[in-house]
$ cat input-v5.csv   # CSV, C-alpha atoms
chain,number,residue,atom,x,y,z
T,1099,MET,CA,64.2,125.2,111.8
T,1100,LEU,CA,66.4,122.1,111.7
T,1101,HIS,CA,65.4,119.4,109.3
T,1102,TRP,CA,64.1,116.3,111.1
T,1103,ARG,CA,66.8,114.1,109.5
T,1104,ARG,CA,69.5,116.3,111.2
T,1105,LEU,CA,67.8,115.7,114.5
T,1106,LEU,CA,67.6,111.9,114.0
T,1107,ARG,CA,71.1,111.6,112.7
T,1108,PRO,CA,73.0,111.6,116.0
T,1109,LEU,CA,70.6,109.1,117.5
T,1110,ALA,CA,70.9,106.7,114.5
T,1111,VAL,CA,74.7,107.0,114.5
T,1112,LEU,CA,74.8,106.2,118.2
T,1113,THR,CA,72.5,103.2,117.7
T,1114,LEU,CA,74.6,101.8,115.0
T,1115,ALA,CA,77.9,102.6,116.8
T,1116,ALA,CA,76.7,100.6,119.8
T,1117,ALA,CA,76.7,97.5,117.7
T,1118,LEU,CA,80.1,98.3,116.3
T,1119,VAL,CA,82.1,99.1,119.5
T,1120,ALA,CA,82.8,95.5,120.5
T,1121,PRO,CA,84.3,94.2,117.2
T,1122,ALA,CA,86.1,97.5,116.4
T,1123,GLY,CA,87.6,97.7,119.9
T,1124,ALA,CA,88.7,94.1,119.8
T,1125,ALA,CA,90.5,94.7,116.5
T,1126,GLN,CA,92.4,97.7,117.9
T,1127,ALA,CA,93.5,95.8,120.9
T,1128,ALA,CA,94.7,93.0,118.7
T,1129,SER,CA,97.1,95.3,116.8
T,1130,ALA,CA,95.6,94.8,113.4
T,1131,PRO,CA,98.0,93.4,110.7
T,1132,SER,CA,99.5,90.7,112.9
T,1133,SER,CA,96.1,89.6,114.0
T,1134,GLY,CA,94.7,87.9,111.0
T,1135,TRP,CA,95.2,90.1,107.9
T,1136,ASN,CA,98.4,90.7,105.9
T,1137,ASP,CA,99.2,87.1,106.8
T,1138,TRP,CA,101.5,86.1,104.0
T,1139,SER,CA,101.1,82.4,104.9
T,1140,CYS,CA,97.3,82.5,104.2
T,1141,LYS,CA,96.1,80.3,101.4
T,1142,PRO,CA,92.6,80.9,99.9
T,1143,SER,CA,90.0,78.3,100.6
T,1144,ALA,CA,87.7,76.6,98.1
T,1145,ALA,CA,84.8,78.7,99.5
T,1146,HIS,CA,86.8,81.9,99.1
T,1147,PRO,CA,89.4,81.3,96.4
T,1148,ARG,CA,90.4,84.9,95.8
T,1149,PRO,CA,92.4,87.0,98.3
T,1150,VAL,CA,90.9,90.4,99.1
T,1151,VAL,CA,93.1,93.6,98.8
T,1152,LEU,CA,91.8,96.6,100.8
T,1153,VAL,CA,92.7,100.0,99.5
T,1154,HIS,CA,92.5,102.9,102.0
T,1155,GLY,CA,91.3,106.4,101.2
T,1156,THR,CA,92.9,109.9,101.2
T,1157,PHE,CA,94.7,110.7,104.5
T,1158,GLY,CA,94.3,107.0,105.4
T,1159,ASN,CA,96.6,104.1,105.9
T,1160,SER,CA,96.7,100.3,105.7
T,1161,VAL,CA,95.8,99.8,109.3
T,1162,ASP,CA,93.5,102.5,110.6
T,1163,ASN,CA,91.1,102.5,107.6
T,1164,TRP,CA,90.5,98.7,108.1
T,1165,LEU,CA,90.5,98.1,111.8
T,1166,GLY,CA,86.8,97.0,111.6
T,1167,PHE,CA,86.4,95.6,108.1
T,1168,ALA,CA,89.6,93.5,107.8
T,1169,PRO,CA,88.8,91.4,110.9
T,1170,TYR,CA,85.2,91.2,109.6
T,1171,LEU,CA,86.4,89.5,106.4
T,1172,VAL,CA,89.0,87.3,108.1
T,1173,HIS,CA,86.4,86.0,110.5
T,1174,ARG,CA,84.4,84.9,107.4
T,1175,GLY,CA,87.3,83.0,106.0
T,1176,TYR,CA,89.0,85.4,103.5
T,1177,CYS,CA,92.7,86.0,103.0
T,1178,VAL,CA,92.9,89.7,103.5
T,1179,TYR,CA,95.7,92.2,102.7
T,1180,SER,CA,96.0,96.0,102.8
T,1181,LEU,CA,98.7,98.4,101.5
T,1182,ASP,CA,99.9,101.9,102.1
T,1183,TYR,CA,100.1,104.1,98.9
T,1184,GLY,CA,100.4,107.7,97.9
T,1185,GLN,CA,103.0,108.7,100.5
T,1186,LEU,CA,104.6,112.2,100.4
T,1187,PRO,CA,108.0,113.0,101.7
T,1188,GLY,CA,107.8,114.4,105.2
T,1189,VAL,CA,104.2,113.3,105.8
T,1190,PRO,CA,104.6,110.0,107.7
T,1191,LEU,CA,101.2,109.4,109.1
T,1192,PHE,CA,98.9,110.3,106.2
T,1193,ASN,CA,98.9,108.5,102.8
T,1194,GLY,CA,96.9,108.8,99.6
T,1195,LEU,CA,98.2,112.3,98.9
T,1196,GLY,CA,100.6,111.5,96.0
T,1197,PRO,CA,99.7,111.5,92.3
T,1198,ILE,CA,97.0,108.9,91.8
T,1199,ASP,CA,98.6,107.4,88.7
T,1200,LYS,CA,101.7,106.7,90.8
T,1201,SER,CA,99.5,105.3,93.5
T,1202,ALA,CA,97.9,102.9,91.0
T,1203,ALA,CA,101.4,101.7,90.1
T,1204,GLN,CA,102.0,100.9,93.8
T,1205,LEU,CA,98.7,98.9,93.8
T,1206,LYS,CA,99.9,96.9,90.8
T,1207,VAL,CA,103.1,95.9,92.6
T,1208,PHE,CA,101.1,94.9,95.7
T,1209,VAL,CA,98.5,92.9,93.9
T,1210,ASP,CA,101.3,91.0,92.1
T,1211,LYS,CA,102.9,90.2,95.5
T,1212,VAL,CA,99.5,89.0,96.9
T,1213,LEU,CA,98.9,86.8,93.9
T,1214,ALA,CA,102.4,85.3,94.1
T,1215,SER,CA,102.0,84.6,97.8
T,1216,THR,CA,98.6,83.0,97.7
T,1217,GLY,CA,98.9,81.3,94.3
T,1218,ALA,CA,95.5,82.7,93.3
T,1219,GLY,CA,94.8,83.7,89.7
T,1220,LYS,CA,92.9,86.8,90.5
T,1221,THR,CA,92.1,89.0,93.5
T,1222,ASP,CA,89.1,91.1,94.6
T,1223,LEU,CA,89.6,94.8,95.6
T,1224,VAL,CA,87.6,96.7,98.2
T,1225,GLY,CA,88.4,100.4,98.5
T,1226,HIS,CA,87.1,103.3,100.5
T,1227,SER,CA,86.9,106.8,99.0
T,1228,GLN,CA,90.0,107.4,96.8
T,1229,GLY,CA,90.7,103.7,97.4
T,1230,GLY,CA,87.6,102.8,95.5
T,1231,MET,CA,88.4,105.1,92.6
T,1232,MET,CA,92.2,104.8,92.2
T,1233,PRO,CA,92.0,101.1,91.3
T,1234,ASN,CA,90.1,102.1,88.2
T,1235,TYR,CA,93.3,103.5,86.8
T,1236,TYR,CA,95.1,100.3,87.5
T,1237,LEU,CA,92.4,98.3,85.8
T,1238,LYS,CA,92.2,100.6,82.7
T,1239,PHE,CA,95.8,101.6,82.1
T,1240,LEU,CA,98.2,99.2,84.0
T,1241,GLY,CA,96.9,95.8,83.1
T,1242,GLY,CA,94.9,95.2,86.2
T,1243,ALA,CA,91.8,93.9,84.5
T,1244,SER,CA,93.4,90.5,83.9
T,1245,LYS,CA,94.2,90.1,87.6
T,1246,VAL,CA,91.1,91.5,89.3
T,1247,ASN,CA,87.7,89.7,89.5
T,1248,ALA,CA,85.8,92.5,91.3
T,1249,LEU,CA,86.2,96.0,92.4
T,1250,ILE,CA,84.0,97.2,95.3
T,1251,GLY,CA,84.0,100.9,96.2
T,1252,LEU,CA,82.7,102.3,99.5
T,1253,ALA,CA,81.8,105.9,98.7
T,1254,PRO,CA,84.4,106.2,95.8
T,1255,ASP,CA,84.9,109.5,94.0
T,1256,ASN,CA,84.8,107.9,90.6
T,1257,HIS,CA,84.0,111.1,88.8
T,1258,GLY,CA,85.7,113.4,91.2
T,1259,THR,CA,84.1,115.6,93.7
T,1260,THR,CA,83.0,119.2,94.0
T,1261,LEU,CA,83.4,119.1,97.8
T,1262,ASP,CA,79.9,120.4,98.3
T,1263,GLY,CA,80.7,123.1,95.8
T,1264,LEU,CA,83.9,124.4,97.4
T,1265,ALA,CA,86.0,123.1,94.5
T,1266,ARG,CA,84.2,125.4,92.1
T,1267,LEU,CA,85.5,128.4,94.1
T,1268,LEU,CA,89.1,127.6,93.5
T,1269,PRO,CA,89.4,129.7,90.3
T,1270,TYR,CA,88.4,132.7,92.3
T,1271,PHE,CA,91.5,132.4,94.5
T,1272,PRO,CA,94.6,133.0,92.3
T,1273,GLY,CA,97.3,130.3,92.9
T,1274,ALA,CA,95.1,128.0,95.0
T,1275,GLU,CA,94.9,125.3,92.4
T,1276,ASP,CA,98.6,125.4,91.7
T,1277,LEU,CA,99.3,125.2,95.4
T,1278,ILE,CA,97.1,122.1,95.9
T,1279,SER,CA,98.6,120.5,92.8
T,1280,SER,CA,102.1,120.9,93.9
T,1281,ALA,CA,101.7,120.2,97.6
T,1282,THR,CA,99.1,117.4,97.5
T,1283,PRO,CA,98.7,116.2,93.9
T,1284,GLY,CA,96.5,113.3,95.1
T,1285,LEU,CA,93.9,115.9,96.2
T,1286,ALA,CA,94.1,117.9,93.0
T,1287,ASP,CA,93.5,114.8,91.0
T,1288,GLN,CA,90.2,114.2,92.7
T,1289,ILE,CA,88.6,117.5,91.9
T,1290,ALA,CA,85.7,117.1,89.5
T,1291,GLY,CA,86.9,118.1,86.0
T,1292,SER,CA,90.6,117.6,86.7
T,1293,SER,CA,92.8,116.2,83.9
T,1294,PHE,CA,93.2,113.0,85.9
T,1295,VAL,CA,89.4,112.5,86.3
T,1296,THR,CA,88.9,113.3,82.6
T,1297,LYS,CA,91.5,110.8,81.5
T,1298,LEU,CA,90.2,108.1,83.9
T,1299,ASN,CA,86.7,108.2,82.6
T,1300,ALA,CA,87.4,108.8,78.9
T,1301,GLY,CA,86.1,105.9,76.8
T,1302,GLY,CA,83.8,104.6,79.5
T,1303,ASP,CA,83.8,104.0,83.2
T,1304,THR,CA,84.6,100.3,83.2
T,1305,VAL,CA,86.6,97.6,81.5
T,1306,PRO,CA,85.3,94.1,80.4
T,1307,GLY,CA,85.7,91.2,82.7
T,1308,VAL,CA,85.6,93.0,86.0
T,1309,GLN,CA,82.5,93.1,88.3
T,1310,TYR,CA,81.9,96.5,89.8
T,1311,THR,CA,79.9,97.4,92.9
T,1312,VAL,CA,79.6,101.0,94.2
T,1313,ILE,CA,78.1,101.5,97.7
T,1314,ALA,CA,77.3,105.1,98.3
T,1315,THR,CA,75.6,107.1,101.0
T,1316,GLN,CA,73.2,110.0,100.4
T,1317,TYR,CA,74.8,111.7,103.5
T,1318,ASP,CA,78.2,111.9,101.8
T,1319,GLU,CA,79.7,115.3,102.5
T,1320,VAL,CA,83.1,114.5,100.8
T,1321,VAL,CA,82.0,112.9,97.5
T,1322,THR,CA,79.5,115.4,96.2
T,1323,PRO,CA,77.1,115.0,94.6
T,1324,TYR,CA,77.0,111.5,96.1
T,1325,ARG,CA,75.6,109.9,92.9
T,1326,SER,CA,78.8,110.9,91.1
T,1327,ALA,CA,80.3,107.8,92.7
T,1328,PHE,CA,78.2,105.6,90.5
T,1329,LEU,CA,79.6,103.9,87.4
T,1330,GLN,CA,78.0,103.1,84.1
T,1331,GLY,CA,78.7,100.0,82.1
T,1332,ALA,CA,78.4,96.2,81.9
T,1333,GLY,CA,79.0,94.4,85.2
T,1334,VAL,CA,78.1,97.4,87.4
T,1335,ARG,CA,75.9,97.4,90.4
T,1336,ASN,CA,75.2,100.8,92.1
T,1337,VAL,CA,73.8,100.7,95.6
T,1338,VAL,CA,72.6,103.5,97.9
T,1339,LEU,CA,73.1,102.6,101.5
T,1340,GLN,CA,69.8,104.1,102.6
T,1341,ASP,CA,67.9,101.9,100.1
T,1342,LEU,CA,69.2,98.9,102.2
T,1343,CYS,CA,68.6,100.5,105.6
T,1344,PRO,CA,66.7,103.9,105.8
T,1345,LEU,CA,67.9,104.3,109.4
T,1346,ASP,CA,71.6,104.2,108.4
T,1347,LEU,CA,72.8,107.8,108.4
T,1348,SER,CA,76.5,107.0,107.9
T,1349,GLU,CA,78.5,109.7,106.1
T,1350,HIS,CA,81.7,109.5,104.0
T,1351,VAL,CA,84.0,108.3,106.8
T,1352,ALA,CA,81.7,106.0,108.6
T,1353,ILE,CA,80.7,104.0,105.6
T,1354,GLY,CA,84.2,102.6,105.4
T,1355,LEU,CA,85.3,102.6,109.0
T,1356,THR,CA,82.3,101.3,111.0
T,1357,ASP,CA,79.3,100.5,108.9
T,1358,ARG,CA,78.5,96.8,109.1
T,1359,ILE,CA,75.5,97.3,106.7
T,1360,ALA,CA,77.9,98.5,104.0
T,1361,TRP,CA,80.3,95.7,104.9
T,1362,HIS,CA,77.5,93.1,104.6
T,1363,GLU,CA,76.7,94.4,101.1
T,1364,ALA,CA,80.4,94.3,100.2
T,1365,VAL,CA,80.6,90.7,101.2
T,1366,ASN,CA,77.6,89.9,99.0
T,1367,SER,CA,79.6,91.3,96.1
T,1368,LEU,CA,82.6,89.2,97.1
T,1369,ASP,CA,80.5,86.1,97.2
T,1370,PRO,CA,77.3,86.7,95.1
T,1371,ALA,CA,76.5,83.0,95.0
T,1372,HIS,CA,75.9,83.0,98.8
T,1373,ALA,CA,74.5,86.6,99.1
T,1374,THR,CA,71.9,87.3,101.7
T,1375,ARG,CA,69.6,90.3,101.8
T,1376,THR,CA,71.2,93.4,103.4
T,1377,THR,CA,68.9,95.1,105.9
T,1378,CYS,CA,69.2,97.2,109.0
T,1379,ALA,CA,69.5,94.0,110.9
T,1380,SER,CA,72.8,93.3,109.1
T,1381,VAL,CA,74.5,95.5,111.7
T,1382,PHE,CA,74.2,92.6,114.1
T,1383,GLU,CA,75.6,89.9,111.9
$ encode --input "input-v5.csv" --output "structure tokens"
Amino acid sequence: MLHWRRLLRPLAVLTLAAALVAPAGAAQAASAPSSGWNDWSCKPSAAHPRPVVLVHGTFGNSVDNWLGFAPYLVHRGYCVYSLDYGQLPGVPLFNGLGPIDKSAAQLKVFVDKVLASTGAGKTDLVGHSQGGMMPNYYLKFLGGASKVNALIGLAPDNHGTTLDGLARLLPYFPGAEDLISSATPGLADQIAGSSFVTKLNAGGDTVPGVQYTVIATQYDEVVTPYRSAFLQGAGVRNVVLQDLCPLDLSEHVAIGLTDRIAWHEAVNSLDPAHATRTTCASVFE
């Protein structure tokens, strides 16, 4: 017998999507980066003094991952930027597949460019999936802590992922791990227990001076178990999306692409002094 949550899930997703179609469709029609974000003439306001850098996930890119959220932020007065990272030769449409330490170096260059353009002293980072985890390497090993005020992760795989247990089967298929590592090192780096994940979290999850927010969904089918996204340390706030709105059944992809409840909570972290309670009604804000 199907679980009742599985029966309700399509209805809840359709209900939430109805409220999202208009803003997301408008953003696509406006041709994203030239329509408000990645505007290198933007100067942060007194109300929002830090630019926001959006970091896409695995197989994502600087446009498609943020067609909804970037305009959402611009409409609220933020200077917003997004980058492409982790490109592999011969794979033009999908990013986030290269070695994650090299991707973090690309993020460092991009943040420096944003700070130089805006004149701001620090930036805030919002990342989806790998884009919420990869910046931790930048913060811990590439000097990013002095340039970042807050890191907000939407379903980040901060401690790697088992892919619902599939990753644990790799040792039973000779050569599979080597193939993944050589062909798509960015994927191999994200497997729970990888040398990258081990190095990333050695000595603690966080660095002083940065405010961290993790927004996870209990229906995440990519970052598993979903609570492995959570960080421990000073300045950390871990949030489960369904604690904010029990009707929100967004999974891994939707939490970054279309979920205005997650976006509302992310904005609360960007501007905690003016935070408002996130509820199911936030989908209409």
$ residues_around --input "input-v5.csv" --residues "Tyr1183 of chain T" --least-positions-apart "4" --cutoff "9 Å" --atoms "all atoms listed in the file" --output "list of chain:residue names"
T:Val1153, T:His1154, T:Asn1159, T:Ser1160, T:Asn1193, T:Gly1194, T:Leu1195, T:Gly1196, T:Lys1200, T:Ser1201, T:Ala1202, T:Gln1204, T:Leu1205
$ closest_residue --input "input-v5.csv" --among "T:Glu1363, T:Gly1155, T:Thr1374, T:Met1232" --to "His1350 of chain T" --atoms "only C-alpha atoms"
T:Gly1155
$ residues_around --input "input-v5.csv" --residues "Cys1177 of chain T" --least-positions-apart "3" --cutoff "6 Å" --atoms "all atoms listed in the file" --output "VMD selection string"
chain T and resid 1140 1142 1149
$ closest_residue --input "input-v5.csv" --among "T:Leu1181, T:Leu1171, T:Leu1298, T:Leu1240" --to "Gly1258 of chain T" --atoms "only C-alpha atoms"
T:Leu1298
$ atom_distance --input "input-v5.csv" --atom1 "atom CA of Leu1223 of chain T" --atom2 "atom CA of Ala1379 of chain T"
25.3 Å
$ closest_residue --input "input-v5.csv" --among "T:Leu1152, T:Ala1214, T:Leu1252, T:Leu1186" --to "Glu1349 of chain T" --atoms "only C-alpha atoms"
T:Leu1252
